[in-house]
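Enquirer: There's a structure below that I have some questions on.
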Amino acid sequence: MAAQLGWMVTNRCVALLTSSGVDGMTGPIIAKFMSERFGAEEGATTHIAFVLDAAPADGGRGEMQALQDCIPGNVQVHELHVAEHKGLDFEKWFSDNHIKLVWMMGGNTFELGHAILHQCIAFPPPAGSPPSFHDAVKKAVKKGHMMYGSRSAGSIMAGVDYAVNADAAGPSSAEDKNEFLEYGCHLPGLAFVEAAIRPHAQNPKAVAAAKKYQEMHPEDEDLPIVYLKDGEALLISD
């Protein structure tokens, strides 16, 4: 069930999705949420994993600092490039590092999807392999061990299909087009909410891309598309 911010914050809040991250409009909302969610235990340290595979040119430093400033008390940052850790037991890594929040950076959605989903979908690991990042995140969030937070591309990944990100002409690069067509223009997301997520909805191009996605998938006409404008956020609870 998805709920707008302002509802009671509990341990069963599984994801916080934003369009523009901790900007001037969303910042106070995120700060209030983080204070209620992580500020209960005085002196406790909140461990955050920042997924940097789609990070902007500054390496996501500004976004990491802005989010840290929203969380009361001690904050321990763990930087993670998923694509550089193939074969890592992410479930164990989350547990060993006491991760309470995994924050998915904004950036190039297709690069992010390729890092966290393409490997386990197109090239399934052998039986007995450690859980993929995709599976480990879903399992940890479902069990209530940690939360998922995101900006822009990371929020798109939280929906059921990140193909909704493609512009009206489809992905731009040849590699993206091949991946886009490989799955019949369906690119499975983490599915924390049974909808496709389209941020930056104040931009007509974002809305046009979502409508193009709907035209390409008439069989999914009942799949809702959640539009998020910059300065807006969506809280998902189970």
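Going through the structure tokens in order, the chains are called A, B, and so on, while each chain numbers its residues from 1 and the ligands are numbered from 1 in the order shown.
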Can you tell me which residues surround Ile99 (chain A) at a distance of at most 12 Å, considering only C-alpha atoms, apart from same-chain residues fewer than 5 positions away, and format the answer as a PyMOL selection string?
Expert: chain A and resi 45-50+75-80+90-94+137+140-141+144-148
Enquirer: Report as a ChimeraX atom specification: the residues of region 62-163 of chain A with a DSSP assignment of strand (DSSP E or B), based on the backbone of this structure.
Expert: /A:74-80,99-104,147-151,161
Enquirer: Smallest atom-to-atom distance to Ser150 (chain A): which of A:Val207, A:Asp135, A:Val102, A:Arg198, using only C-alpha atoms?
Expert: A:Val102
Enquirer: Env of Ala210 (chain A): 8 Å cut, atoms = only C-alpha atoms, seq-sep filter 4 positions within chain, self excluded. Answer as a list in words.
Expert: Val164, Asn165, Arg198, Ala206, Gln214 and Ile225 of chain A
Enquirer: Could you save the residues just selected, with N, CA and C atoms, as a compact mmCIF listing (two decimals), in the first residue's frame?
Expert:
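Resulting contents of selection_16.txt:
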# COMPACT_ATOMS: atom_id res chain seq x y z
N VAL A 164 9.57 2.34 -18.15
CA VAL A 164 8.79 3.57 -18.14
C VAL A 164 9.70 4.79 -18.20
N ASN A 165 11.00 4.59 -17.96
CA ASN A 165 11.95 5.69 -18.02
C ASN A 165 12.28 6.11 -19.44
N ARG A 198 7.20 7.24 -12.19
CA ARG A 198 7.76 8.20 -13.14
C ARG A 198 8.02 9.53 -12.44
N ALA A 206 8.62 13.77 -19.47
CA ALA A 206 8.47 12.63 -18.57
C ALA A 206 7.07 12.03 -18.70
N GLN A 214 2.69 3.22 -21.96
CA GLN A 214 1.33 2.66 -21.91
C GLN A 214 0.88 2.21 -23.29
N ILE A 225 0.47 4.13 -13.11
CA ILE A 225 1.73 4.88 -13.15
C ILE A 225 1.63 5.98 -12.10
Enquirer: Select, from A:Leu112, A:Ala44, A:Leu187, A:Leu52, the residue with the minimum atom-to-atom distance to His98 (chain A), counting only C-alpha atoms.
Expert: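 Checking each of A:Leu112, A:Ala44, A:Leu187, A:Leu52 against His98 (chain A), counting only C-alpha atoms, the winner is A:Ala44.
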Enquirer: Pick out the closest residue to Gly21 (chain A) from this set: A:Met105, A:Ala208, A:Ala196, A:Ala158. Count only C-alpha atoms.
Expert: A:Met105
Enquirer: Excluding same-chain residues fewer than 4 positions from Leu88 (chain A), what lies within 9 Å of it counting only C-alpha atoms, as a compact mmCIF listing (two decimals) with C-alpha atoms, in the first residue's frame?
Expert:
# COMPACT_ATOMS: atom_id res chain seq x y z
CA VAL A 82 27.10 -3.09 -7.04
CA LYS A 92 25.48 -11.06 4.60
CA TRP A 93 27.00 -7.68 3.73
CA PRO A 130 24.82 -16.02 -2.68
CA PRO A 131 21.64 -13.97 -3.19
CA SER A 132 21.98 -11.23 -5.81
CA PHE A 133 21.77 -7.59 -4.77
Enquirer: For Asp53 (chain A), which of A:Phe33, A:Tyr213, A:Trp103, A:Phe38 is the closest residue, counting only C-alpha atoms?
Expert: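 Ranked by minimum distance to Asp53 (chain A), first place goes to A:Trp103.
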Enquirer: Go ahead and compute the interatomic distance for CA of Gly107 (chain A) and CA of Glu221 (chain A), in Å to one decimal.
Expert: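 Distance between the two atoms: 27.8 Å.
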Enquirer: Give me every alpha helix (DSSP H) residue in region 6-236 of chain A, going by DSSP on the backbone, as number ranges by chain.
Expert: A: 27-38, 61-68, 90-96, 109-113, 119-122, 133-142, 153-157, 174-182, 204-216
Enquirer: Keeping only C-alpha atoms, take the residues you just selected and write them out as a CSV table (one decimal), in the first residue's frame.
Expert:
chain,number,residue,atom,x,y,z
A,27,GLY,CA,14.3,18.3,2.4
A,28,PRO,CA,12.1,19.3,5.4
A,29,ILE,CA,9.8,16.3,4.7
A,30,ILE,CA,12.7,13.9,4.5
A,31,ALA,CA,14.3,15.3,7.6
A,32,LYS,CA,11.0,14.9,9.6
A,33,PHE,CA,10.6,11.3,8.4
A,34,MET,CA,14.2,10.4,9.2
A,35,SER,CA,14.0,11.9,12.6
A,36,GLU,CA,10.8,9.9,13.4
A,37,ARG,CA,12.2,6.7,11.8
A,38,PHE,CA,15.8,6.7,13.1
A,61,ARG,CA,28.9,13.4,-2.4
A,62,GLY,CA,26.4,16.3,-2.3
A,63,GLU,CA,23.5,13.9,-2.1
A,64,MET,CA,25.1,11.7,0.6
A,65,GLN,CA,25.9,14.8,2.8
A,66,ALA,CA,22.4,16.2,2.4
A,67,LEU,CA,20.8,12.9,3.5
A,68,GLN,CA,23.2,12.5,6.4
A,90,PHE,CA,24.8,-8.9,-0.3
A,91,GLU,CA,22.5,-10.4,2.3
A,92,LYS,CA,25.5,-11.1,4.6
A,93,TRP,CA,27.0,-7.7,3.7
A,94,PHE,CA,23.8,-5.9,4.8
A,95,SER,CA,23.7,-7.8,8.1
A,96,ASP,CA,27.5,-7.5,8.9
A,109,THR,CA,18.4,4.5,-14.9
A,110,PHE,CA,19.6,2.0,-17.5
A,111,GLU,CA,23.1,1.9,-16.0
A,112,LEU,CA,21.6,1.4,-12.6
A,113,GLY,CA,19.3,-1.3,-13.8
A,119,GLN,CA,23.1,-9.7,-14.3
A,120,CYS,CA,20.7,-11.8,-12.2
A,121,ILE,CA,17.9,-11.8,-14.9
A,122,ALA,CA,20.0,-12.3,-18.1
A,133,PHE,CA,21.8,-7.6,-4.8
A,134,HIS,CA,18.2,-7.5,-6.2
A,135,ASP,CA,17.1,-10.5,-4.1
A,136,ALA,CA,19.0,-9.4,-1.0
A,137,VAL,CA,17.4,-5.9,-1.0
A,138,LYS,CA,13.9,-7.3,-1.5
A,139,LYS,CA,14.4,-9.9,1.3
A,140,ALA,CA,15.9,-7.5,3.8
A,141,VAL,CA,13.2,-4.8,3.2
A,142,LYS,CA,10.4,-7.4,3.3
A,153,ALA,CA,16.4,6.7,-11.1
A,154,GLY,CA,16.4,4.9,-7.8
A,155,SER,CA,12.7,5.6,-7.5
A,156,ILE,CA,12.0,4.3,-11.0
A,157,MET,CA,13.8,1.1,-10.0
A,174,ALA,CA,22.8,0.9,-28.8
A,175,GLU,CA,23.5,-1.2,-25.6
A,176,ASP,CA,20.4,0.2,-23.9
A,177,LYS,CA,18.3,-0.5,-27.0
A,178,ASN,CA,19.5,-4.1,-27.1
A,179,GLU,CA,18.6,-4.6,-23.4
A,180,PHE,CA,15.3,-2.8,-23.9
A,181,LEU,CA,14.3,-5.1,-26.8
A,182,GLU,CA,15.7,-8.2,-25.1
A,204,PRO,CA,6.1,17.2,-20.2
A,205,LYS,CA,8.7,14.8,-21.6
A,206,ALA,CA,8.5,12.6,-18.6
A,207,VAL,CA,4.7,12.4,-18.9
A,208,ALA,CA,5.0,11.8,-22.7
A,209,ALA,CA,7.5,8.9,-22.0
A,210,ALA,CA,5.0,7.3,-19.6
A,211,LYS,CA,2.2,7.6,-22.1
A,212,LYS,CA,4.4,6.0,-24.7
A,213,TYR,CA,5.1,3.2,-22.3
A,214,GLN,CA,1.3,2.7,-21.9
A,215,GLU,CA,0.8,2.6,-25.7
A,216,MET,CA,3.6,0.0,-26.0
Enquirer: What's around region 226-234 of chain A at 7 Å? Count only C-alpha atoms, leave out sequence neighbours fewer than 6 positions away in its own chain, and write the answer as an MDAnalysis selection string.
Expert: chainID A and resid 3:5 16:20 23 25:26 195:202
Enquirer: Hey, which of A:Glu84, A:Val22, A:Gly106, A:Lys100 ends up closest to Asp69 (chain A)? Count only C-alpha atoms.
Expert: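 That would be A:Val22, the residue with the smallest distance to Asp69 (chain A).
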